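I have placed the structure first, in the form of structure tokens, so that the comments after it can refer back to it.
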There are 2 protein chains.
Amino acid sequence: MNISKASALTDLPPKTIRYYEEIGLVKAARAANGYRDYSENDVHQLAFLQRARSLGFSIEECRSLLSLYSDSDRASSEVKELTLSKIDEIDQKIDELKSLKDTLSKLAKNCHGNDKPDCPILDDLAGRA
Amino acid sequence: MNISKASALTDLPPKTIRYYEEIGLVKAARAANGYRDYSENDVHQLAFLQRARSLGFSIEECRSLLSLYSDSDRASSEVKELTLSKIDEIDQKIDELKSLKDTLSKLAKNCHGNDKPDCPILDDLAGRA
DNA sequence: ATGGGGGTTCCAGTTACCGGAAGGTCAAGG
DNA sequence: CCTTGACCTTCCGGTAACTGGAACCCCCAT
């Protein structure tokens with residue numbers, strides 16, 4: 001099938017599919033006219049990528065997952081490890097964002113937000129806390 | 001003062017300071033030998049940037065904040081608006097990350113993570129849920 | 001004069017793509 | 001048969017916010 005069909009089936013833009021091929025993730029066959037020709041298996045792998053990317057795995061992590069996926073002999077513990085460390089990363093990011101939010105909320109609360117120039121937010125940013 | 005002194009005072013790498021100059025944020029004077037020469041005021045602005053960036057404001061937002069900072073006539077409401085919308089952004093991101101984490105946690109929980117090849121995580125990614 | 005630790009510029013790379021240009025291909029309609 | 005429009009192709013450049021490295025200059029002490 002052509003790239004637009006694969007795109008529709010995987011919910012990945014054609015540009016992205018070509019990009020994945022360029023970086024060696026999923027390589028399609030070519031038809032006589034030079035068009036890319038996707039097999040069922042290609043589409044499966046692309047859909048796999050789509051899902052893994054949307055779950056926050058980086059391209060390089062996806063590359064690992066894909067090779068684990070294709071290796072029928074791999075241990076499930078490898079995949080689980082990758083997933084658990086991803087969860088840790090996410091937890092860290094959430095914590096960071098929460099503390100950011102706290103700081104900004106405090107600043108906003110102290111700022112009356114009217115048309116006068118006095119502004120505690122800027123004062124804080126300037127180090128005049 | 002030289003760039004390394006400014007760097008020490010603001011906790012910004014010299015590379016970053018030069019970058020900020022390149023994109024027109026804080027421009028230092030030049031000494032006779034061509035070295036950048038930072039004033040107290042320059043350092044204040046750099047420190048302001050450092051703090052604002054670490055609070056999650058983008059470069060372009062920092063540019064706005066900096067011009068609001070330099071404009072003694074601006075209304076504090078402008079700054080407060082920017083801050084509140086930043087808080088909204090952060091909230092959204094936290095929500096996204098939480099739902100990501102939920103999904104991954106569920107997947108990890110169902111995976112026994114041993115040395116056998118059977119792996120529910122990969123099964124899910126492959127759409128065999 | 002030489003060695004080390006500043007400084008300078010410019011180029012390239014990072015992540016994961018997106019937009020657009022220039023041009024080949026294909027199916028349908030007149 | 002020709003045109004039109006929707007596909008497809010490749011390649012180039014841009015995004016955010018820097019970071020690393022190369023090649024070179026400057027200043028001070030030995």
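Chains: A, B, ... in order of the structure tokens. Residues: from 1 per chain. Ligands: from 1, in order shown.
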
TODO: Do a neighbour search on A:Leu9 at 12 Å with only C-alpha atoms (C1' of nucleotides), toss out local chain neighbours closer than 6 positions, and write the hits as a VMD selection string.
DONE: chain A and resid 1 to 3 17 38 to 40 42 to 48 50

Written file, previous selection with C-alpha atoms, as an mmCIF file, in the first residue's frame:
data_model
loop_
_atom_site.group_PDB
_atom_site.id
_atom_site.type_symbol
_atom_site.label_atom_id
_atom_site.label_comp_id
_atom_site.auth_asym_id
_atom_site.auth_seq_id
_atom_site.Cartn_x
_atom_site.Cartn_y
_atom_site.Cartn_z
ATOM 1 C CA MET A 1 0.000 0.000 0.000
ATOM 2 C CA ASN A 2 1.004 3.615 -0.516
ATOM 3 C CA ILE A 3 2.228 5.894 2.206
ATOM 4 C CA ILE A 17 6.802 7.857 8.359
ATOM 5 C CA TYR A 38 3.980 -0.859 2.894
ATOM 6 C CA SER A 39 3.262 -4.396 4.018
ATOM 7 C CA GLU A 40 0.965 -5.405 6.863
ATOM 8 C CA ASP A 42 5.400 -2.520 8.246
ATOM 9 C CA VAL A 43 2.105 -1.026 9.297
ATOM 10 C CA HIS A 44 2.176 -3.011 12.527
ATOM 11 C CA GLN A 45 5.596 -1.689 13.348
ATOM 12 C CA LEU A 46 4.557 1.864 12.548
ATOM 13 C CA ALA A 47 1.503 1.537 14.762
ATOM 14 C CA PHE A 48 3.735 0.168 17.488
ATOM 15 C CA GLN A 50 2.983 5.562 17.192
#

Task: Distance-based interface of chain B with chain A, 7 Å, counting only C-alpha atoms, as a ChimeraX atom specification - done: /B:44,48,51-52,55,69,72-77,80,83-84,87,90,94,97,100-101,104,108,111,113-119,122,125-126

Open item on the list: Would you mind listing, as number ranges by chain, all residues of chain A that have at least one atom within 10 Å of chain D, where only C-alpha atoms (C1' of nucleotides) are what counts?
Closed with: A: 2-4, 33-36

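Residue list for chain A within 8 Å of chain C: A:Lys15, A:Thr16, A:Tyr19, A:Asn33, A:Ile59, counting only C-alpha atoms (C1' of nucleotides).
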
Could you save the residues just selected, with all heavy atoms, as a compact mmCIF listing (two decimals), in the first residue's frame?
# COMPACT_ATOMS: atom_id res chain seq x y z
N LYS A 15 5.05 12.52 6.53
CA LYS A 15 6.37 13.10 6.81
C LYS A 15 7.08 12.32 7.91
O LYS A 15 8.28 12.07 7.85
CB LYS A 15 6.20 14.56 7.26
CG LYS A 15 6.00 15.53 6.13
CD LYS A 15 7.34 16.00 5.58
CE LYS A 15 7.14 17.12 4.57
NZ LYS A 15 8.39 17.47 3.89
N THR A 16 6.32 11.98 8.91
CA THR A 16 6.90 11.26 10.05
C THR A 16 7.30 9.85 9.64
O THR A 16 8.39 9.37 10.01
CB THR A 16 5.87 11.19 11.17
OG1 THR A 16 5.54 12.52 11.55
CG2 THR A 16 6.42 10.45 12.38
N TYR A 19 10.40 10.03 7.78
CA TYR A 19 11.47 10.31 8.75
C TYR A 19 11.90 9.03 9.46
O TYR A 19 13.09 8.77 9.62
CB TYR A 19 11.00 11.36 9.75
CG TYR A 19 11.97 11.60 10.87
CD1 TYR A 19 13.20 12.21 10.65
CD2 TYR A 19 11.66 11.20 12.17
CE1 TYR A 19 14.09 12.41 11.68
CE2 TYR A 19 12.54 11.41 13.21
CZ TYR A 19 13.75 12.02 12.96
OH TYR A 19 14.63 12.22 13.99
N ASN A 33 7.31 2.14 -9.66
CA ASN A 33 7.34 3.58 -9.92
C ASN A 33 8.13 4.37 -8.88
O ASN A 33 8.17 5.60 -8.92
CB ASN A 33 5.91 4.11 -10.01
CG ASN A 33 5.12 3.83 -8.73
OD1 ASN A 33 5.68 3.39 -7.72
ND2 ASN A 33 3.83 4.08 -8.79
N ILE A 59 12.72 8.31 20.61
CA ILE A 59 13.00 7.55 19.39
C ILE A 59 13.99 6.42 19.69
O ILE A 59 13.79 5.28 19.26
CB ILE A 59 13.57 8.48 18.31
CG1 ILE A 59 12.48 9.40 17.78
CG2 ILE A 59 14.19 7.68 17.18
CD1 ILE A 59 11.49 8.74 16.87

TODO: Would you list, as a ChimeraX atom specification, the residues of stretch 27-126 of chain A that end up in alpha helix (DSSP H) under DSSP run on this structure's backbone?
DONE: /A:40-54,59-70,76-110,120-125
